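Participant: One structure is given below, represented as structure tokens, and several questions about it will come after.
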Amino acid sequence: MPELPEVETVARQLAPLLAGRVLRRIDVRGPLLEVADRHLARGRRVLGVTRLGKQVAIALGPAGRGTAACRLICHLRMTGRLIWLGPGETRGNPRHVRATLRFDGGRLLFIDPRRFGTLRMESADAPVGNSGTDPMDGRFTPPVLAGLLGGSRQGLKPWLLRQDRLLGIGNIYASEILFAARLDPRRAAGSLSRGEIRRMFGAVRSVLARAIRHCGTTFSDFGDTRGRPGGFGRLLAVYGREGLPCRGCGRSVRRIVQQSRSTFYCERCQGPRRAGMFVA
DNA sequence: GGGTACCTGAAA
DNA sequence: TTTCAGGTACCC
């Protein structure tokens with residue numbers, strides 16, 4: 001589930017649950033986190049929980065005099081989930097628990113069936129990886145987007161998945177953003193006009209912001225005792241809607257494959273502009 | 001650039 | 001049984 005809106009939701013929900021708590025111990029199953037790093041985490045207080053790209057960052061204070069602050073970075077990849085359990089609380093017998101972070105007054109379960117997810121410890125001043133621009137950051141503007149698109153000949157949809165350009169966009173929101181921007185996913189990323197870049201900028205912001213407001217597209221709770229999916233799923237315009245009528249024009253939504261991954265779009269709404277073209 | 005691999009489970 | 005899945009590292 002985790003693209004930017006889902007990870008943002010997780011971080012926002014975790015922040016008030018974890019802030020101020022002391023991390024007592026981390027138990028792992030498998031090679032998720034080195035013994036030395038697990039030891040390093042003990043006894044530290046949580047300063048905050050934020051999103052870094054698609055990752056959840058748990059900032060930890062120093063462990064004593066002369067020690068530096070650090071942070072735990074969790075990447076959920078495809079199937080990772082973070083579930084908070086208060087004192088004595090249980091959730092049946094959860095399968096695929098890869099790590100348990102034990103705090104005063106509760107524990108955080110890292111559940112990940114496919115085991116693609118990662119957990120690592122780094123120093124608080126480590127540079128944020130992959131160097132892409134966060135599209136929800138105020139420094140992201142249409143000229144910045146224009147610079148990132150540069151002269152790229154890559155298709156727009158594969159381009160949107162690149163974490164060294166924009167952070168946090170994945171396969172669902174890439175299709176949704178291009179539908180909102182009325183841009184063909186196969187267009188070369190570097191071929192957009194200034195007006196099209198403005199449209200794309202607006203779509204990136206509005207689609208992600210709306211998905212965040214609806215707590216993402218699908219995922220089970222945590223913090224909340226009931227399993228509750230994100231509310232954005234029913235608002236998807238094209239993703240997962242192959243053959244269904246486009247919400248804009250009614251024509252059936254197409255699915256194509258780009259770089260071995262599904263792309264959904266509407267040929268009419270995202271086709272070449274007709275205005276200004278010669279008519280036969 | 002694009003294809004494949006990583007791993008498991010759900011759905012076709 | 002086969003295919004597909006919200007991510008990304010690594011191969012040519």
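Convention: chains lettered A, B, ... in structure tokens order; per-chain residue numbering from 1; ligands numbered from 1 as shown.
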Taking only C-alpha atoms (C1' of nucleotides) into account, find every residue of chain C that has an atom no more than 9 Å from chain A, and write it out as a PDB file with C-alpha atoms (C1' of nucleotides), in the first residue's frame.
Facilitator:
ATOM      1  C1'  DA C   5       0.381  -7.064  -6.689  1.00  0.00           C
ATOM      2  C1'  DG C   6       1.043  -0.409  -3.933  1.00  0.00           C
ATOM      3  C1'  DG C   7       8.829  -1.027  -4.577  1.00  0.00           C
ATOM      4  C1'  DT C   8      13.402  -0.998  -5.867  1.00  0.00           C
TER       5       DT C   8
END
Participant: Find the spatial neighbours of A:Gly233, counting only C-alpha atoms (C1' of nucleotides), within a cut-off of 8 Å - ignore same-chain residues fewer than 2 positions away - and output them as a tab-separated table (two decimals) with all heavy atoms, in the first residue's frame.
Facilitator:
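The result, stored in out01.tsv:
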chain	number	residue	atom	x	y	z
A	216	GLY	N	-5.18	7.76	2.28
A	216	GLY	CA	-4.57	6.81	1.36
A	216	GLY	C	-5.55	5.87	0.71
A	216	GLY	O	-6.76	6.00	0.87
A	217	THR	N	-4.98	4.93	-0.05
A	217	THR	CA	-5.83	4.12	-0.89
A	217	THR	C	-6.26	2.81	-0.28
A	217	THR	O	-7.33	2.33	-0.54
A	217	THR	CB	-5.14	3.86	-2.24
A	217	THR	OG1	-5.02	5.10	-2.91
A	217	THR	CG2	-5.93	2.93	-3.10
A	218	THR	N	-5.46	2.19	0.51
A	218	THR	CA	-5.90	0.94	1.09
A	218	THR	C	-4.94	0.62	2.14
A	218	THR	O	-3.78	0.50	1.88
A	218	THR	CB	-5.83	-0.20	0.09
A	218	THR	OG1	-6.98	-0.19	-0.70
A	218	THR	CG2	-5.73	-1.52	0.75
A	230	GLY	N	-7.95	2.76	3.83
A	230	GLY	CA	-7.92	4.17	3.47
A	230	GLY	C	-9.13	4.48	2.61
A	230	GLY	O	-9.70	3.59	1.96
A	231	GLY	N	-9.54	5.73	2.57
A	231	GLY	CA	-10.78	6.09	1.91
A	231	GLY	C	-10.64	6.48	0.45
A	231	GLY	O	-11.63	6.81	-0.21
A	235	LEU	N	-12.30	6.60	-4.83
A	235	LEU	CA	-12.16	7.84	-5.59
A	235	LEU	C	-11.18	7.70	-6.75
A	235	LEU	O	-10.95	8.66	-7.48
A	235	LEU	CB	-11.68	8.96	-4.65
A	235	LEU	CG	-12.63	9.28	-3.49
A	235	LEU	CD1	-12.02	10.35	-2.59
A	235	LEU	CD2	-13.98	9.74	-4.02
A	236	LEU	N	-10.61	6.52	-6.91
A	236	LEU	CA	-9.66	6.34	-8.01
A	236	LEU	C	-10.36	6.57	-9.35
A	236	LEU	O	-11.45	6.06	-9.59
A	236	LEU	CB	-9.07	4.93	-7.98
A	236	LEU	CG	-8.14	4.63	-6.79
A	236	LEU	CD1	-7.76	3.16	-6.77
A	236	LEU	CD2	-6.91	5.51	-6.85
Participant: What residues in chain B have any atom no more than 8 Å from chain A when counting only C-alpha atoms (C1' of nucleotides), and can you write them as an MDAnalysis selection string?
Facilitator: chainID B and resid 1:3 6:8
Participant: Quick one: of A:His214, A:Lys157, A:Arg25, A:His39, who's nearest to A:Thr263, counting only C-alpha atoms?
Facilitator: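 For A:Thr263, the nearest of the candidates is A:Lys157.
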Participant: Fewer than 3 positions away in the same chain doesn't count, so skip those; otherwise give me all residues within 10 Å of stretch 237-254 of chain A, counting only C-alpha atoms (C1' of nucleotides), as a ChimeraX atom specification.
Facilitator: /A:171-180,233-234,262-269
Participant: Apply DSSP to the backbone of this structure and, from stretch 25-192 of chain A, keep only the residues in strand (DSSP E or B); write these as a ChimeraX atom specification.
Facilitator: /A:25-28,44-52,55-60,70-75,81-85,97-103,106-111,118-123,133,155,166,188
